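J.: Have a peek at upload37.pdb (PDB, C-alpha atoms, pLDDT in the B column).
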```pdb
ATOM      1  CA  MET A 116     -25.135 -20.572 -20.525  1.00 67.00           C
ATOM      2  CA  HIS A 117     -22.266 -18.095 -20.592  1.00 90.00           C
ATOM      3  CA  ARG A 118     -22.176 -14.826 -18.671  1.00 93.00           C
ATOM      4  CA  PRO A 119     -19.202 -12.549 -19.303  1.00 93.00           C
ATOM      5  CA  LEU A 120     -17.604 -10.829 -16.338  1.00 94.00           C
ATOM      6  CA  VAL A 121     -18.128  -7.407 -17.952  1.00 93.00           C
ATOM      7  CA  SER A 122     -21.930  -7.881 -17.796  1.00 95.00           C
ATOM      8  CA  PHE A 123     -21.794  -9.007 -14.162  1.00 96.00           C
ATOM      9  CA  TRP A 124     -19.257  -6.772 -12.410  1.00 97.00           C
ATOM     10  CA  PRO A 125     -17.652  -3.369 -13.039  1.00 96.00           C
ATOM     11  CA  ARG A 126     -14.042  -3.003 -14.141  1.00 92.00           C
ATOM     12  CA  GLY A 127     -11.466  -3.148 -11.385  1.00 87.00           C
ATOM     13  CA  GLY A 128     -13.101  -6.040  -9.551  1.00 87.00           C
ATOM     14  CA  PRO A 129     -11.594  -8.044  -6.722  1.00 90.00           C
ATOM     15  CA  VAL A 130      -7.914  -8.418  -6.089  1.00 92.00           C
ATOM     16  CA  TRP A 131      -7.465 -12.012  -4.993  1.00 96.00           C
ATOM     17  CA  ASP A 132      -4.875 -13.194  -2.513  1.00 96.00           C
ATOM     18  CA  GLY A 133      -4.337 -16.211  -4.714  1.00 97.00           C
ATOM     19  CA  LEU A 134      -5.558 -17.760  -7.937  1.00 97.00           C
ATOM     20  CA  ALA A 135      -4.707 -21.229  -9.142  1.00 97.00           C
ATOM     21  CA  LEU A 136      -5.761 -23.917 -11.537  1.00 96.00           C
ATOM     22  CA  SER A 137      -5.772 -27.470 -10.176  1.00 95.00           C
ATOM     23  CA  SER A 138      -4.476 -30.433 -12.160  1.00 96.00           C
ATOM     24  CA  SER A 139      -8.119 -31.374 -12.793  1.00 94.00           C
ATOM     25  CA  GLY A 140      -8.837 -27.931 -14.271  1.00 93.00           C
ATOM     26  CA  ARG A 141     -10.718 -26.522 -11.277  1.00 95.00           C
ATOM     27  CA  CYS A 142     -10.203 -22.811 -10.569  1.00 97.00           C
ATOM     28  CA  ILE A 143      -9.114 -22.026  -7.026  1.00 98.00           C
ATOM     29  CA  LEU A 144      -9.953 -18.533  -5.715  1.00 98.00           C
ATOM     30  CA  VAL A 145      -8.165 -17.669  -2.471  1.00 98.00           C
ATOM     31  CA  GLU A 146      -8.974 -15.000   0.105  1.00 98.00           C
ATOM     32  CA  ALA A 147      -6.679 -14.999   3.156  1.00 97.00           C
ATOM     33  CA  LYS A 148      -7.105 -13.367   6.571  1.00 97.00           C
ATOM     34  CA  SER A 149      -4.673 -12.904   9.472  1.00 95.00           C
ATOM     35  CA  HIS A 150      -7.000 -11.146  11.911  1.00 92.00           C
ATOM     36  CA  ARG A 151     -10.727 -10.603  12.423  1.00 93.00           C
ATOM     37  CA  SER A 152     -10.798  -6.903  11.601  1.00 93.00           C
ATOM     38  CA  GLU A 153      -9.739  -7.760   8.016  1.00 94.00           C
ATOM     39  CA  MET A 154     -13.156  -9.337   7.543  1.00 95.00           C
ATOM     40  CA  ALA A 155     -15.063  -6.061   7.927  1.00 96.00           C
ATOM     41  CA  SER A 156     -15.574  -4.031   4.753  1.00 96.00           C
ATOM     42  CA  THR A 157     -17.984  -1.729   2.980  1.00 97.00           C
ATOM     43  CA  CYS A 158     -18.588  -1.144  -0.726  1.00 97.00           C
ATOM     44  CA  LYS A 159     -16.965   2.131  -1.761  1.00 95.00           C
ATOM     45  CA  ALA A 160     -17.761   1.952  -5.470  1.00 95.00           C
ATOM     46  CA  SER A 161     -19.058   4.877  -7.504  1.00 95.00           C
ATOM     47  CA  GLN A 162     -22.825   5.188  -7.873  1.00 93.00           C
ATOM     48  CA  ARG A 163     -22.758   3.695 -11.384  1.00 92.00           C
ATOM     49  CA  SER A 164     -20.565   0.748 -10.369  1.00 96.00           C
ATOM     50  CA  ARG A 165     -22.539   0.312  -7.166  1.00 96.00           C
ATOM     51  CA  ALA A 166     -25.769  -0.277  -9.122  1.00 96.00           C
ATOM     52  CA  MET A 167     -24.110  -3.060 -11.118  1.00 97.00           C
ATOM     53  CA  ILE A 168     -22.604  -4.556  -7.962  1.00 97.00           C
ATOM     54  CA  MET A 169     -25.969  -4.460  -6.180  1.00 97.00           C
ATOM     55  CA  GLU A 170     -27.593  -6.370  -9.050  1.00 97.00           C
ATOM     56  CA  ALA A 171     -24.827  -9.018  -9.026  1.00 97.00           C
ATOM     57  CA  LEU A 172     -25.122  -9.415  -5.259  1.00 97.00           C
ATOM     58  CA  ARG A 173     -28.925  -9.686  -5.435  1.00 97.00           C
ATOM     59  CA  GLU A 174     -28.632 -12.316  -8.156  1.00 96.00           C
ATOM     60  CA  THR A 175     -26.187 -14.253  -5.991  1.00 97.00           C
ATOM     61  CA  GLN A 176     -28.484 -13.922  -2.960  1.00 97.00           C
ATOM     62  CA  ARG A 177     -31.438 -15.295  -4.958  1.00 96.00           C
ATOM     63  CA  SER A 178     -29.312 -18.238  -6.139  1.00 95.00           C
ATOM     64  CA  ILE A 179     -28.666 -19.121  -2.486  1.00 94.00           C
ATOM     65  CA  GLY A 180     -32.372 -18.826  -1.681  1.00 94.00           C
ATOM     66  CA  LEU A 181     -32.248 -15.440   0.059  1.00 93.00           C
ATOM     67  CA  ASP A 182     -34.254 -12.314  -0.491  1.00 84.00           C
ATOM     68  CA  ASP A 183     -32.339  -9.051  -0.672  1.00 77.00           C
ATOM     69  CA  SER A 184     -33.122  -7.968   2.898  1.00 87.00           C
ATOM     70  CA  CYS A 185     -29.609  -8.850   4.093  1.00 90.00           C
ATOM     71  CA  ASP A 186     -27.132  -6.045   3.517  1.00 93.00           C
ATOM     72  CA  TRP A 187     -24.246  -7.359   1.444  1.00 97.00           C
ATOM     73  CA  LEU A 188     -22.806  -3.896   0.723  1.00 97.00           C
ATOM     74  CA  ASP A 189     -22.009  -2.922   4.290  1.00 96.00           C
ATOM     75  CA  GLY A 190     -20.373  -4.924   7.038  1.00 96.00           C
ATOM     76  CA  PHE A 191     -18.803  -7.811   5.147  1.00 97.00           C
ATOM     77  CA  TYR A 192     -18.880  -6.643   1.544  1.00 97.00           C
ATOM     78  CA  GLN A 193     -15.605  -8.311   0.532  1.00 97.00           C
ATOM     79  CA  TYR A 194     -16.858 -11.733   1.634  1.00 98.00           C
ATOM     80  CA  ALA A 195     -20.101 -11.144  -0.292  1.00 98.00           C
ATOM     81  CA  ASN A 196     -18.343 -10.092  -3.473  1.00 97.00           C
ATOM     82  CA  ARG A 197     -16.133 -13.172  -3.284  1.00 98.00           C
ATOM     83  CA  LEU A 198     -19.287 -15.304  -3.100  1.00 98.00           C
ATOM     84  CA  ALA A 199     -20.653 -13.463  -6.142  1.00 98.00           C
ATOM     85  CA  HIS A 200     -17.567 -14.204  -8.225  1.00 98.00           C
ATOM     86  CA  ALA A 201     -17.605 -17.881  -7.252  1.00 98.00           C
ATOM     87  CA  TYR A 202     -21.297 -17.934  -8.241  1.00 98.00           C
ATOM     88  CA  LEU A 203     -20.451 -16.324 -11.596  1.00 97.00           C
ATOM     89  CA  LEU A 204     -17.928 -19.036 -12.380  1.00 97.00           C
ATOM     90  CA  ASN A 205     -19.804 -22.063 -11.036  1.00 97.00           C
ATOM     91  CA  GLU A 206     -23.443 -21.288 -11.705  1.00 96.00           C
ATOM     92  CA  LEU A 207     -23.478 -18.856 -14.614  1.00 97.00           C
ATOM     93  CA  ASN A 208     -20.538 -20.203 -16.595  1.00 96.00           C
ATOM     94  CA  ALA A 209     -20.281 -23.859 -15.516  1.00 96.00           C
ATOM     95  CA  VAL A 210     -16.602 -23.324 -14.704  1.00 96.00           C
ATOM     96  CA  PRO A 211     -15.709 -25.535 -11.742  1.00 97.00           C
ATOM     97  CA  ALA A 212     -14.271 -23.269  -9.073  1.00 98.00           C
ATOM     98  CA  GLU A 213     -13.557 -23.456  -5.364  1.00 98.00           C
ATOM     99  CA  LEU A 214     -13.583 -20.340  -3.205  1.00 98.00           C
ATOM    100  CA  VAL A 215     -11.164 -20.934  -0.337  1.00 98.00           C
ATOM    101  CA  PHE A 216     -11.048 -18.626   2.660  1.00 98.00           C
ATOM    102  CA  VAL A 217      -7.679 -19.165   4.341  1.00 98.00           C
ATOM    103  CA  TYR A 218      -7.547 -18.159   7.996  1.00 97.00           C
ATOM    104  CA  PHE A 219      -4.135 -17.895   9.658  1.00 97.00           C
ATOM    105  CA  VAL A 220      -4.157 -19.165  13.241  1.00 96.00           C
ATOM    106  CA  GLY A 221      -1.662 -17.901  15.792  1.00 93.00           C
ATOM    107  CA  ASP A 222      -0.315 -14.921  13.876  1.00 89.00           C
ATOM    108  CA  ALA A 223       1.042 -13.053  16.904  1.00 86.00           C
ATOM    109  CA  ASP A 224       2.502 -10.238  14.782  1.00 88.00           C
ATOM    110  CA  MET A 225      -0.985  -9.407  13.507  1.00 88.00           C
ATOM    111  CA  HIS A 226      -2.696 -10.180  16.856  1.00 89.00           C
ATOM    112  CA  GLY A 227      -4.866 -12.689  15.052  1.00 91.00           C
ATOM    113  CA  PRO A 228      -6.984 -15.476  16.517  1.00 94.00           C
ATOM    114  CA  ALA A 229      -4.989 -18.016  18.477  1.00 93.00           C
ATOM    115  CA  SER A 230      -7.293 -20.910  17.603  1.00 94.00           C
ATOM    116  CA  ARG A 231      -9.527 -22.287  14.898  1.00 95.00           C
ATOM    117  CA  HIS A 232     -12.412 -21.938  17.358  1.00 95.00           C
ATOM    118  CA  GLU A 233     -11.879 -18.147  17.532  1.00 95.00           C
ATOM    119  CA  TRP A 234     -11.964 -17.917  13.747  1.00 97.00           C
ATOM    120  CA  GLN A 235     -15.108 -20.030  13.581  1.00 97.00           C
ATOM    121  CA  GLY A 236     -16.891 -17.558  15.852  1.00 96.00           C
ATOM    122  CA  ALA A 237     -15.938 -14.697  13.533  1.00 96.00           C
ATOM    123  CA  ILE A 238     -16.965 -16.688  10.442  1.00 97.00           C
ATOM    124  CA  SER A 239     -20.328 -17.462  12.054  1.00 97.00           C
ATOM    125  CA  ALA A 240     -20.889 -13.733  12.622  1.00 96.00           C
ATOM    126  CA  VAL A 241     -20.173 -13.041   8.933  1.00 97.00           C
ATOM    127  CA  HIS A 242     -22.541 -15.799   7.813  1.00 97.00           C
ATOM    128  CA  GLU A 243     -25.245 -14.535  10.140  1.00 96.00           C
ATOM    129  CA  HIS A 244     -24.901 -10.945   8.895  1.00 96.00           C
ATOM    130  CA  LEU A 245     -25.074 -12.097   5.262  1.00 97.00           C
ATOM    131  CA  GLY A 246     -27.974 -14.467   5.983  1.00 96.00           C
ATOM    132  CA  ILE A 247     -26.106 -17.507   4.686  1.00 97.00           C
ATOM    133  CA  THR A 248     -25.947 -19.576   7.878  1.00 95.00           C
ATOM    134  CA  GLY A 249     -26.710 -23.113   6.716  1.00 95.00           C
ATOM    135  CA  ARG A 250     -26.760 -21.925   3.078  1.00 95.00           C
ATOM    136  CA  VAL A 251     -23.087 -21.563   2.214  1.00 97.00           C
ATOM    137  CA  PRO A 252     -22.623 -22.828  -1.354  1.00 97.00           C
ATOM    138  CA  PRO A 253     -20.853 -26.203  -1.613  1.00 96.00           C
ATOM    139  CA  TYR A 254     -17.956 -24.672  -3.539  1.00 97.00           C
ATOM    140  CA  VAL A 255     -16.971 -22.443  -0.587  1.00 98.00           C
ATOM    141  CA  ARG A 256     -14.287 -23.817   1.736  1.00 97.00           C
ATOM    142  CA  ASP A 257     -12.550 -22.685   4.896  1.00 98.00           C
ATOM    143  CA  ALA A 258      -8.911 -23.598   5.523  1.00 98.00           C
ATOM    144  CA  PHE A 259      -7.047 -22.919   8.744  1.00 97.00           C
ATOM    145  CA  VAL A 260      -3.261 -22.612   8.670  1.00 97.00           C
ATOM    146  CA  ASN A 261      -1.388 -22.507  11.950  1.00 94.00           C
ATOM    147  CA  VAL A 262       1.495 -20.056  11.665  1.00 94.00           C
ATOM    148  CA  GLY A 263       2.195 -19.767  15.406  1.00 83.00           C
TER     149      GLY A 263
END
```
Can you present the structure in this file as structure tokens?
T.:
Amino acid sequence: MHRPLVSFWPRGGPVWDGLALSSSGRCILVEAKSHRSEMASTCKASQRSRAMIMEALRETQRSIGLDDSCDWLDGFYQYANRLAHAYLLNELNAVPAELVFVYFVGDADMHGPASRHEWQGAISAVHEHLGITGRVPPYVRDAFVNVG
């Protein structure tokens, strides 16, 4: 099965903090955060693009075993759209990919969390809002980098 990006997501999709290809050929998608407020986001797409995005997010939700009662467009939209793109690669195109959320610990300049524990509380809130607590796909990883 092959699903082109153009049929899944509108033009001008995500801007990743990092993209890489491992020596084994696995795609690495990176989203990095220095402070908790960076996690909050809302979809601001045009009505036409929004309809396409909503369908992609619903498809991703169903793949995780969710109904579409959780709001993935408001609150933590960026996290949700990153999940959707990892789903597109892994599930719809059989392209091995890892989605890595990098959380910087101890970034005093950005007033970010001082510990991994603080980040984990914020991540739990995101998962709860999106309805994915206990259902995070196996290709999603969290990495904590101490920069303090």
J.: Written as JSON, numbers by chain, which residues does the PyMOL selection byres ((chain A and resi 228) around 12) give for the file shown?
T.: {"A": [148, 149, 150, 151, 152, 153, 218, 219, 220, 221, 222, 223, 224, 225, 226, 227, 229, 230, 231, 232, 233, 234, 235, 236, 237, 238, 259, 260, 261, 262, 263]}
J.: Calculate how many Å separate atom CA of Val241 of chain A from atom CA of Asp182 of chain A, rounding to one decimal.
T.: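 A separation of 17.0 Å between them.
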J.: Closest to Leu144 of chain A among A:Gly246, A:Pro125, A:Pro252, A:Pro211, using all atoms listed in the file?
T.: A:Pro211
J.: I'd like the interatomic distance between atom CA of Ala240 of chain A and atom CA of Ser178 of chain A, to a tenth of an Å.
T.: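 Going from atom CA of Ala240 of chain A over to atom CA of Ser178 of chain A, I get 21.1 Å.
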J.: Restricting the calculation to only C-alpha atoms: of A:Glu146, A:Asp257, A:His242, A:Asn208, which residue gets closest to Pro119 of chain A?
T.: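 Selected residue with least distance to Pro119 of chain A: A:Asn208.
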J.: Written as an mmCIF file with C-alpha atoms, keeping the file's coordinate frame, which residues does the PyMOL selection byres ((chain A and resi 193) around 8) give for the file shown?
T.:
```cif
data_model
loop_
_atom_site.group_PDB
_atom_site.id
_atom_site.type_symbol
_atom_site.label_atom_id
_atom_site.label_comp_id
_atom_site.auth_asym_id
_atom_site.auth_seq_id
_atom_site.Cartn_x
_atom_site.Cartn_y
_atom_site.Cartn_z
ATOM 1 C CA MET A 154 -13.156 -9.337 7.543
ATOM 2 C CA ALA A 155 -15.063 -6.061 7.927
ATOM 3 C CA SER A 156 -15.574 -4.031 4.753
ATOM 4 C CA THR A 157 -17.984 -1.729 2.980
ATOM 5 C CA CYS A 158 -18.588 -1.144 -0.726
ATOM 6 C CA PHE A 191 -18.803 -7.811 5.147
ATOM 7 C CA TYR A 192 -18.880 -6.643 1.544
ATOM 8 C CA TYR A 194 -16.858 -11.733 1.634
ATOM 9 C CA ALA A 195 -20.101 -11.144 -0.292
ATOM 10 C CA ASN A 196 -18.343 -10.092 -3.473
ATOM 11 C CA ARG A 197 -16.133 -13.172 -3.284
#
```
J.: Could you list, as an MDAnalysis selection string, every residue matched by the PyMOL selection byres ((chain A and resi 207) around 9) in this structure?
T.: chainID A and resid 116:119 202:206 208:210
